[in-house]
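Raw coords.txt, compact mmCIF, C-alpha atoms and all ligand atoms:
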# COMPACT_ATOMS: atom_id res chain seq x y z
CA MET L 655 35.37 -48.48 -60.57
CA LYS L 656 38.81 -47.30 -59.54
CA THR L 657 39.15 -45.29 -62.78
CA VAL L 658 35.76 -43.66 -62.22
CA LYS L 659 36.73 -42.71 -58.64
CA ARG L 660 40.06 -41.33 -59.83
CA THR L 661 38.37 -39.32 -62.60
CA VAL L 662 35.83 -37.92 -60.14
CA SER L 663 38.47 -36.89 -57.62
CA LEU L 664 40.63 -35.39 -60.38
CA ALA L 665 37.64 -33.40 -61.57
CA ALA L 666 36.96 -32.25 -57.99
CA THR L 667 40.59 -31.15 -57.55
CA LEU L 668 40.46 -29.28 -60.84
CA CYS L 669 37.20 -27.61 -59.79
CA SER L 670 38.58 -26.45 -56.47
CA LEU L 671 41.74 -25.18 -58.19
CA ILE L 672 39.58 -23.16 -60.55
CA LEU L 673 37.54 -21.87 -57.61
CA ILE L 674 40.63 -20.89 -55.62
CA SER L 675 42.16 -19.05 -58.56
CA ALA L 676 38.78 -17.41 -59.25
CA GLN L 677 38.77 -16.14 -55.67
CA ILE L 678 42.21 -14.65 -56.06
CA LYS L 679 41.45 -12.89 -59.33
CA PRO L 680 38.02 -13.24 -60.92
CA VAL L 681 38.41 -13.60 -64.66
CA VAL L 682 34.82 -12.72 -65.39
CA PRO L 683 33.62 -10.30 -62.75
CA ALA L 684 30.60 -11.60 -60.84
CA ALA L 685 27.69 -9.23 -60.18
CA ASP L 686 28.51 -9.23 -56.48
CA PRO L 687 29.41 -7.84 -54.08
CA THR L 688 27.30 -4.72 -54.36
CA LEU L 689 28.45 -1.37 -52.99
CA ARG L 690 25.98 -1.56 -50.12
CA ASP L 691 27.10 -5.05 -49.12
CA ALA L 692 30.80 -4.35 -49.51
CA TYR L 693 30.52 -1.36 -47.16
CA LYS L 694 27.86 -2.58 -44.72
CA ASN L 695 30.41 -2.66 -41.91
CA TYR L 696 31.78 0.78 -42.78
CA PHE L 697 29.21 3.39 -43.84
CA PRO L 698 26.12 3.84 -46.01
CA VAL L 699 26.94 4.32 -49.68
CA GLY L 700 24.58 6.88 -51.16
CA VAL L 701 23.62 8.42 -54.47
CA ALA L 702 22.14 11.76 -55.55
CA VAL L 703 18.81 11.28 -57.27
CA ALA L 704 16.08 13.12 -59.15
CA PRO L 705 12.48 11.89 -59.44
CA ARG L 706 13.24 10.68 -62.99
CA ASN L 707 15.68 8.13 -61.51
CA LEU L 708 12.99 6.45 -59.42
CA THR L 709 11.58 4.16 -62.12
CA GLY L 710 13.05 1.68 -64.60
CA PRO L 711 16.64 0.42 -64.68
CA GLU L 712 18.00 3.34 -62.64
CA ALA L 713 15.62 2.58 -59.79
CA GLU L 714 16.74 -1.06 -59.87
CA LEU L 715 20.37 -0.05 -59.79
CA ILE L 716 19.77 2.36 -56.89
CA ILE L 717 17.90 -0.23 -54.81
CA ARG L 718 20.44 -2.95 -55.53
CA GLN L 719 23.66 -1.02 -55.06
CA PHE L 720 23.04 1.83 -52.63
CA SER L 721 21.91 2.24 -49.02
CA SER L 722 21.17 5.97 -49.00
CA VAL L 723 19.88 8.70 -51.31
CA THR L 724 20.25 12.49 -51.47
CA PRO L 725 17.83 14.59 -53.52
CA GLU L 726 20.09 16.21 -56.11
CA ASN L 727 17.92 19.34 -56.42
CA ALA L 728 14.50 18.69 -54.93
CA MET L 729 15.21 20.01 -51.42
CA LYS L 730 17.21 23.08 -52.43
CA MET L 731 15.69 26.42 -51.40
CA GLY L 732 14.48 27.46 -54.87
CA PRO L 733 12.88 24.20 -55.98
CA ILE L 734 11.18 23.44 -52.65
CA HIS L 735 10.16 26.98 -51.65
CA PRO L 736 9.55 28.90 -54.89
CA GLN L 737 7.36 31.60 -53.35
CA GLU L 738 7.10 32.97 -49.85
CA ASN L 739 3.81 31.23 -49.13
CA LYS L 740 4.18 28.31 -51.46
CA TYR L 741 6.18 25.14 -51.01
CA PHE L 742 6.64 22.57 -53.76
CA TRP L 743 6.91 19.27 -51.88
CA GLN L 744 6.09 16.83 -54.65
CA ASP L 745 9.60 15.90 -55.84
CA ALA L 746 11.17 15.74 -52.39
CA ASP L 747 8.21 13.70 -51.09
CA ALA L 748 8.58 11.24 -53.99
CA ILE L 749 12.25 10.68 -53.15
CA VAL L 750 11.60 10.30 -49.42
CA ASP L 751 8.74 7.84 -50.12
CA PHE L 752 10.90 5.82 -52.50
CA ALA L 753 13.62 5.65 -49.85
CA GLY L 754 11.12 4.59 -47.17
CA LYS L 755 9.67 1.81 -49.35
CA ASN L 756 13.10 0.47 -50.22
CA GLY L 757 14.83 0.74 -46.87
CA LEU L 758 17.22 3.52 -47.92
CA LYS L 759 18.45 6.32 -45.69
CA VAL L 760 17.96 9.94 -46.80
CA ARG L 761 20.48 12.80 -46.56
CA GLY L 762 18.79 16.19 -46.92
CA HIS L 763 20.45 18.75 -49.18
CA THR L 764 20.50 21.71 -48.54
CA LEU L 765 18.90 24.19 -46.13
CA CYS L 766 20.94 27.34 -46.75
CA TRP L 767 22.99 28.02 -49.89
CA HIS L 768 23.81 31.17 -51.85
CA ASN L 769 22.93 29.39 -55.13
CA GLN L 770 19.52 28.24 -56.34
CA THR L 771 17.98 30.53 -53.71
CA PRO L 772 14.65 32.05 -54.77
CA GLY L 773 14.78 35.82 -55.41
CA TRP L 774 11.83 36.51 -53.06
CA PHE L 775 13.95 35.50 -50.08
CA PHE L 776 15.94 38.73 -50.13
CA THR L 777 13.41 41.27 -51.39
CA ASP L 778 10.19 42.84 -50.13
CA SER L 779 7.01 43.42 -52.15
CA LEU L 780 8.46 46.65 -53.57
CA GLY L 781 11.64 44.92 -54.70
CA SER L 782 13.90 46.45 -52.03
CA GLN L 783 16.35 44.40 -50.00
CA VAL L 784 14.83 43.06 -46.79
CA SER L 785 16.05 43.90 -43.30
CA ARG L 786 18.08 41.62 -41.11
CA GLU L 787 15.01 40.76 -39.03
CA VAL L 788 12.91 39.83 -42.06
CA LEU L 789 15.63 37.66 -43.58
CA LEU L 790 16.31 35.84 -40.31
CA GLY L 791 12.57 35.25 -39.94
CA ARG L 792 12.38 33.81 -43.46
CA LEU L 793 15.39 31.59 -42.92
CA LYS L 794 13.92 30.32 -39.66
CA ARG L 795 10.55 29.58 -41.20
CA HIS L 796 12.09 27.87 -44.24
CA ILE L 797 14.37 25.62 -42.21
CA THR L 798 11.70 24.83 -39.63
CA ASP L 799 9.09 23.90 -42.24
CA VAL L 800 11.39 21.74 -44.36
CA VAL L 801 13.14 19.92 -41.51
CA SER L 802 9.85 19.34 -39.64
CA ARG L 803 8.17 17.84 -42.70
CA TYR L 804 10.87 15.17 -43.00
CA LYS L 805 11.59 14.73 -39.28
CA GLY L 806 12.49 11.10 -38.60
CA LYS L 807 12.77 10.39 -42.34
CA VAL L 808 15.83 12.43 -43.21
CA TYR L 809 18.67 11.32 -40.92
CA ALA L 810 21.20 14.00 -41.86
CA TRP L 811 21.07 17.52 -43.31
CA ASP L 812 23.53 19.66 -45.21
CA VAL L 813 22.57 22.77 -43.27
CA VAL L 814 24.89 25.34 -44.81
CA ASN L 815 26.47 24.77 -48.21
CA GLU L 816 29.57 26.49 -49.61
CA ALA L 817 29.83 29.52 -47.32
CA VAL L 818 33.58 29.88 -47.98
CA PRO L 819 35.08 31.39 -51.18
CA ASP L 820 37.74 29.59 -53.26
CA THR L 821 40.05 32.57 -53.65
CA GLY L 822 40.99 35.80 -51.90
CA THR L 823 41.54 36.39 -48.21
CA ASP L 824 37.93 36.57 -46.98
CA THR L 825 36.79 33.67 -44.82
CA TYR L 826 33.15 34.14 -45.74
CA ARG L 827 31.70 34.17 -49.23
CA GLN L 828 30.16 37.53 -50.13
CA SER L 829 26.63 36.20 -50.47
CA LYS L 830 23.33 37.94 -49.74
CA PHE L 831 23.03 35.91 -46.55
CA TYR L 832 26.42 37.20 -45.45
CA SER L 833 25.96 40.80 -46.51
CA ILE L 834 22.59 41.11 -44.77
CA LEU L 835 23.15 38.87 -41.73
CA GLY L 836 26.93 38.67 -41.24
CA GLU L 837 28.61 35.41 -40.27
CA GLU L 838 25.90 34.77 -37.68
CA TYR L 839 23.59 33.37 -40.36
CA ILE L 840 25.57 30.13 -40.25
CA GLU L 841 25.05 29.41 -36.57
CA LYS L 842 21.41 30.52 -36.81
CA ALA L 843 20.79 28.01 -39.60
CA PHE L 844 22.20 25.21 -37.43
CA GLU L 845 20.15 26.31 -34.43
CA TYR L 846 16.91 26.36 -36.44
CA ALA L 847 17.62 22.92 -37.92
CA HIS L 848 18.49 21.43 -34.54
CA ALA L 849 15.36 22.87 -32.94
CA ALA L 850 13.18 21.36 -35.70
CA ASP L 851 14.75 17.88 -35.44
CA PRO L 852 17.11 17.36 -32.49
CA ASN L 853 18.01 13.87 -33.77
CA ALA L 854 19.15 14.89 -37.24
CA VAL L 855 22.91 14.85 -37.90
CA LEU L 856 23.85 18.34 -39.07
CA PHE L 857 26.59 19.12 -41.60
CA TYR L 858 28.51 22.01 -43.04
CA ASN L 859 29.18 21.04 -46.69
CA ASP L 860 31.77 22.39 -49.16
CA TYR L 861 33.96 21.59 -52.18
CA ASN L 862 37.65 22.11 -52.99
CA THR L 863 38.38 21.18 -49.38
CA GLU L 864 41.89 19.87 -50.14
CA ASN L 865 43.04 23.28 -51.33
CA PRO L 866 45.24 24.37 -48.38
CA ALA L 867 44.01 27.98 -48.19
CA LYS L 868 40.34 27.06 -48.50
CA GLN L 869 40.70 24.16 -46.08
CA ASP L 870 42.21 26.50 -43.52
CA LYS L 871 39.28 28.88 -43.75
CA ILE L 872 36.74 26.07 -43.45
CA TYR L 873 38.65 24.65 -40.50
CA GLN L 874 38.65 28.03 -38.71
CA LEU L 875 34.95 28.51 -39.41
CA LEU L 876 34.09 25.07 -38.01
CA LYS L 877 36.37 25.52 -35.01
CA LYS L 878 34.56 28.73 -34.13
CA LEU L 879 31.18 27.02 -34.42
CA LYS L 880 32.32 24.18 -32.16
CA GLU L 881 33.74 26.64 -29.59
CA LYS L 882 30.42 28.48 -29.56
CA LYS L 883 28.64 25.17 -28.99
CA VAL L 884 26.62 25.52 -32.19
CA PRO L 885 24.78 22.21 -32.86
CA ILE L 886 26.93 21.00 -35.74
CA ASN L 887 27.87 17.31 -35.99
CA GLY L 888 29.80 16.90 -39.19
CA VAL L 889 31.54 18.23 -42.23
CA GLY L 890 30.67 17.18 -45.76
CA LEU L 891 33.60 17.05 -48.16
CA GLN L 892 31.73 17.18 -51.45
CA GLY L 893 34.38 15.14 -53.27
CA HIS L 894 33.94 16.68 -56.73
CA TRP L 895 37.43 15.47 -57.54
CA SER L 896 39.13 14.08 -60.65
CA ILE L 897 41.35 11.25 -61.83
CA TYR L 898 44.32 13.58 -61.12
CA GLU L 899 43.47 14.79 -57.62
CA PRO L 900 43.50 14.66 -54.62
CA THR L 901 46.41 12.54 -53.37
CA ALA L 902 46.05 9.92 -50.63
CA LYS L 903 47.97 12.17 -48.27
CA GLU L 904 45.67 15.11 -48.94
CA VAL L 905 42.56 13.06 -48.23
CA ASP L 906 44.14 11.53 -45.14
CA ASN L 907 45.07 15.00 -43.82
CA SER L 908 41.62 16.43 -44.54
CA ILE L 909 39.80 13.66 -42.72
CA ASN L 910 42.12 13.78 -39.71
CA ARG L 911 42.07 17.55 -39.49
CA PHE L 912 38.29 17.93 -39.59
CA ALA L 913 37.73 14.92 -37.35
CA SER L 914 40.08 16.48 -34.78
CA LEU L 915 37.34 19.07 -34.18
CA GLY L 916 35.06 16.31 -32.94
CA LEU L 917 33.11 16.24 -36.21
CA VAL L 918 32.19 13.23 -38.29
CA VAL L 919 33.19 13.38 -41.95
CA GLN L 920 31.06 12.38 -44.92
CA ILE L 921 31.97 12.46 -48.58
CA THR L 922 28.75 13.96 -49.86
CA GLU L 923 28.97 14.49 -53.63
CA LEU L 924 31.60 12.10 -54.93
CA ASP L 925 32.54 12.00 -58.61
CA LEU L 926 35.91 11.77 -60.37
CA SER L 927 35.97 13.79 -63.56
CA VAL L 928 38.18 12.31 -66.27
CA TYR L 929 39.43 15.83 -67.05
CA PRO L 930 41.67 18.08 -64.95
CA LYS L 931 39.48 19.64 -62.23
CA GLU L 932 38.10 23.14 -62.78
CA HIS L 933 35.60 24.71 -60.41
CA VAL L 934 34.49 27.65 -62.55
CA ARG L 935 32.17 27.43 -65.56
CA ARG L 936 33.76 28.39 -68.89
CA GLN L 937 33.18 28.35 -72.64
CA ARG L 938 34.04 25.24 -74.64
CA ARG L 939 37.39 25.51 -76.47
CA ASP L 940 38.44 23.75 -79.71
CA THR L 941 40.91 21.70 -77.67
CA ASP L 942 38.16 20.33 -75.36
CA LYS L 943 37.61 16.76 -76.50
CA SER L 944 34.92 14.47 -75.08
CA GLU L 945 36.77 11.24 -74.42
CA PHE L 946 37.17 8.31 -72.08
CA THR L 947 40.41 6.59 -73.07
CA LEU L 948 41.86 3.37 -71.70
CA ASP L 949 44.41 5.41 -69.82
CA MET L 950 41.60 7.45 -68.21
CA THR L 951 39.80 4.22 -67.32
CA ASP L 952 42.90 2.92 -65.53
CA LYS L 953 43.66 6.19 -63.77
CA GLN L 954 40.07 6.45 -62.60
CA ALA L 955 40.09 2.89 -61.27
CA ALA L 956 43.33 3.55 -59.37
CA GLN L 957 42.03 6.83 -57.95
CA TYR L 958 38.72 5.35 -56.76
CA LYS L 959 40.57 2.40 -55.22
CA MET L 960 42.90 4.71 -53.34
CA LEU L 961 40.05 6.92 -52.11
CA PHE L 962 38.03 4.01 -50.74
CA GLU L 963 41.16 2.66 -49.04
CA GLN L 964 41.37 6.01 -47.26
CA PHE L 965 37.67 5.98 -46.35
CA ARG L 966 37.95 2.44 -44.93
CA LYS L 967 41.09 3.34 -43.04
CA HIS L 968 39.14 6.09 -41.30
CA LYS L 969 36.26 3.84 -40.27
CA GLY L 970 34.32 5.61 -37.53
CA LYS L 971 35.43 9.05 -38.67
CA VAL L 972 33.99 8.66 -42.18
CA THR L 973 30.29 7.92 -41.67
CA GLY L 974 28.93 8.12 -45.22
CA VAL L 975 29.97 8.30 -48.88
CA THR L 976 27.51 9.59 -51.48
CA PHE L 977 28.00 9.59 -55.25
CA TRP L 978 26.73 12.59 -57.18
CA ASN L 979 24.45 10.95 -59.80
CA VAL L 980 23.65 7.36 -60.67
CA SER L 981 25.64 6.51 -63.79
CA ASP L 982 27.67 8.01 -66.63
CA LYS L 983 24.51 8.07 -68.75
CA SER L 984 23.83 11.49 -67.36
CA THR L 985 25.79 13.58 -64.88
CA TRP L 986 25.90 17.30 -64.05
CA LEU L 987 29.54 17.22 -65.26
CA ASP L 988 28.31 16.71 -68.85
CA ASN L 989 27.58 20.43 -68.70
CA PHE L 990 29.97 21.72 -66.08
CA PRO L 991 32.46 23.36 -66.17
CA VAL L 992 32.38 23.02 -69.98
CA PRO L 993 28.93 22.95 -71.63
CA GLY L 994 28.42 19.86 -73.79
CA ARG L 995 31.65 18.03 -72.86
CA LYS L 996 30.69 14.49 -71.92
CA ASP L 997 32.25 13.29 -68.66
CA HIS L 998 32.47 9.76 -67.20
CA PRO L 999 32.90 10.34 -63.47
CA LEU L 1000 30.94 7.50 -61.82
CA LEU L 1001 31.21 3.76 -61.13
CA PHE L 1002 28.51 2.70 -63.63
CA ASP L 1003 28.78 3.31 -67.38
CA GLN L 1004 26.24 4.71 -69.81
CA ASN L 1005 24.49 1.30 -69.92
CA TYR L 1006 24.42 1.02 -66.09
CA GLN L 1007 27.17 -1.63 -66.15
CA PRO L 1008 29.91 -1.62 -63.50
CA LYS L 1009 33.13 0.00 -64.76
CA LYS L 1010 36.66 -1.12 -63.98
CA ALA L 1011 36.68 1.36 -61.08
CA PHE L 1012 33.67 -0.38 -59.50
CA TRP L 1013 35.56 -3.63 -58.98
CA GLY L 1014 38.46 -1.92 -57.26
CA VAL L 1015 36.00 -0.32 -54.83
CA VAL L 1016 34.06 -3.47 -53.88
CA ASN L 1017 36.87 -6.06 -53.97
CA TYR L 1018 39.33 -5.18 -51.26
C1 LIG L 1101 27.22 21.75 -55.60
C2 LIG L 1101 25.96 21.58 -54.80
C3 LIG L 1101 25.14 20.47 -55.33
C4 LIG L 1101 25.04 20.50 -56.82
C5 LIG L 1101 26.38 20.50 -57.42
C6 LIG L 1101 26.19 20.35 -58.89
O1 LIG L 1101 28.16 20.83 -55.30
O2 LIG L 1101 26.20 21.34 -53.44
O3 LIG L 1101 23.87 20.56 -54.82
O4 LIG L 1101 24.36 21.64 -57.27
O5 LIG L 1101 27.02 21.68 -57.00
O6 LIG L 1101 25.25 19.36 -59.19
Show me, as structure tokens, the structure contained in the file I just sent.
Ligand code: GLA
Amino acid sequence: MKTVKRTVSLAATLCSLILISAQIKPVVPAADPTLRDAYKNYFPVGVAVAPRNLTGPEAELIIRQFSSVTPENAMKMGPIHPQENKYFWQDADAIVDFAGKNGLKVRGHTLCWHNQTPGWFFTDSLGSQVSREVLLGRLKRHITDVVSRYKGKVYAWDVVNEAVPDTGTDTYRQSKFYSILGEEYIEKAFEYAHAADPNAVLFYNDYNTENPAKQDKIYQLLKKLKEKKVPINGVGLQGHWSIYEPTAKEVDNSINRFASLGLVVQITELDLSVYPKEHVRRQRRDTDKSEFTLDMTDKQAAQYKMLFEQFRKHKGKVTGVTFWNVSDKSTWLDNFPVPGRKDHPLLFDQNYQPKKAFWGVVNY
């Protein structure tokens, strides 16, 4: 009897030792925690989606891991409003319905952008450029119709996307919106969006925000909007970064600087390319290899870990983090900036399995 008791208690001690050491450093990673659970006391963790992601294993992954979705393309001006009197709601509706059924938040993207804008927006029936009045009227109608349709279902909108150029001394990008309407188009877009849904959280969204010159311009632009009492609530740092940039200090400074304007900060399009970051499309060169080495795996894990440490540190200022695409199976970076160069920028691999970087993000 004594021997049995001793054996049982020895086994129990061994078990708890194994459990304790497993808690310190899991040998075989468990499937939990998920991103949404790990960050439930911080911010929603979102993902950019297309209708094709809403069935099968990708849908399962989205529902299990994330708490928010952003339509990758479906709400952009061209796809949703292809002709002056014709909206194409089907894809955006499908994403909003999917979110509603599965208890996910929706970030709307994007109401005014110089890219993927339909040609009809700027031209009249004879093909000439429209007047200021006509363009403002079209912008107002577009924003009002889209925001009203999803009122109460889309909690936040990227109202103006990428209005600031990467290089040169101009503050404003030389887009058609700017050349026809001047800088006022930005505040008008925010006013129209706010009027259509006064409860929606409204963002200015841009990339390359850690570049000092560009950051300065964005900061000045936002400061002016705040001083003019334009209804803007937040700034979206897209977060198209890489395993080599930005540094912790750069991210820390960005968040503090933008938050000092009384704006919330969201990381809206997060992905970490395994190649040095380039923001301009170019031809493929012989030296461009598609690879994901062990060293890249480690660097990516360290970079993601550092970034989420920063986001957690700024709890309250950072109110959302959204990944740009679901898994490495298919990402826009497979074709940008270099056509046909496979990239591996996300937390899930090509078979939807968590990568090393995933564990550093959820186990903290
Ligand atoms: C920008 C836009 C996004 C998307 C990406 C590429 O960051 O804001 O909507 O087009 O480029 O996918």
Considering only C-alpha atoms and all ligand atoms, give me a table of residues in chain L that are at most 8 Å from ligand LIG 1101 (chain L), with the closest atom pair and distance in Å for each, as CSV.
residue,atom,partner,partner_atom,distance
L:Glu726,CA,L:LIG1101,O3,5.9
L:Asn727,CA,L:LIG1101,O3,6.3
L:Lys730,CA,L:LIG1101,O3,7.5
L:His763,CA,L:LIG1101,O3,6.8
L:Thr764,CA,L:LIG1101,O3,7.2
L:Asn815,CA,L:LIG1101,O2,6.3
L:Glu816,CA,L:LIG1101,O2,7.2
L:Asn859,CA,L:LIG1101,O2,7.4
L:Asp860,CA,L:LIG1101,O2,7.1
L:Tyr861,CA,L:LIG1101,O1,6.6
L:Gln892,CA,L:LIG1101,O1,6.4
L:His894,CA,L:LIG1101,O1,7.3
L:Glu923,CA,L:LIG1101,O1,6.6
L:Trp978,CA,L:LIG1101,O6,7.2
L:Trp986,CA,L:LIG1101,O6,5.3
L:Leu987,CA,L:LIG1101,O6,7.7
Test item: residues at most 7 Å from Arg690 in chain L, all atoms listed in the file, excluding those fewer than 3 positions along its chain, as a list of chain:residue names: L:Tyr693, L:Lys694, L:Pro698, L:Val699, L:Gln719, L:Phe720, L:Ser721
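The closest residue to Leu835 in chain L, picked from L:Thr922, L:Gln874, L:Ser785, L:Thr947 and counting only C-alpha atoms, is L:Ser785.
Taking all atoms listed in the file into account, Leu765 in chain L lies nearest to L:Trp811 out of the set L:Phe962, L:Trp811, L:Trp895, L:Phe831.
Residue nearest Leu924 in chain L within the list L:Gly822, L:Gly700, L:Pro705, L:Gly836: L:Gly700 [criterion: smallest interatomic distance, all atoms listed in the file].
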Can you pull out every residue within 7 Å of range 837-847 of chain L, counting only C-alpha atoms, but drop anything in the same chain fewer than 6 positions away, and send it as a VMD selection string? chain L and resid 794 797 to 798 801 813 to 814 831 879 884 to 886
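You will find CA of Ser944 in chain L at 28.3 Å from CA of Glu714 in chain L.
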Of the listed residues L:Gly974, L:Ser833, L:Val905, L:Arg911, that which approaches Lys759 in chain L most closely, counting only C-alpha atoms: L:Gly974
Using only C-alpha atoms, can you list as a ChimeraX atom specification the residues within 12 Å of (10.0, 12.6, -55.6)? /L:703-709,723-729,733-734,742-754
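Minimum distance to Tyr1006 in chain L across L:Thr976, L:Gln937, L:Ser914, L:Ser981 (counting all atoms listed in the file) occurs at L:Ser981.
One distance worth recording is that between CA of Ile921 in chain L and CA of Gln1004 in chain L, which is 23.3 Å.
Nearest to Phe946 in chain L of all the residues L:Ala692, L:Leu917, L:Val972, L:Ile897 is L:Ile897, counting all atoms listed in the file.
Between CA of Asp952 in chain L and CA of Leu891 in chain L lies a distance of 24.2 Å.
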Got a sec: who's within 10 Å of Leu876 in chain L, counting only C-alpha atoms, leaving out chain neighbours fewer than 6 positions off, as a PyMOL selection string? chain L and resi 858+870+882+884+886+888-889+912+915+917
Dump as a VMD selection string all residues having an atom at most 7 Å from (35.1, 15.1, -61.1), computed in the file's coordinates with all atoms listed in the file. chain L and resid 894 to 896 925 to 928 931 999
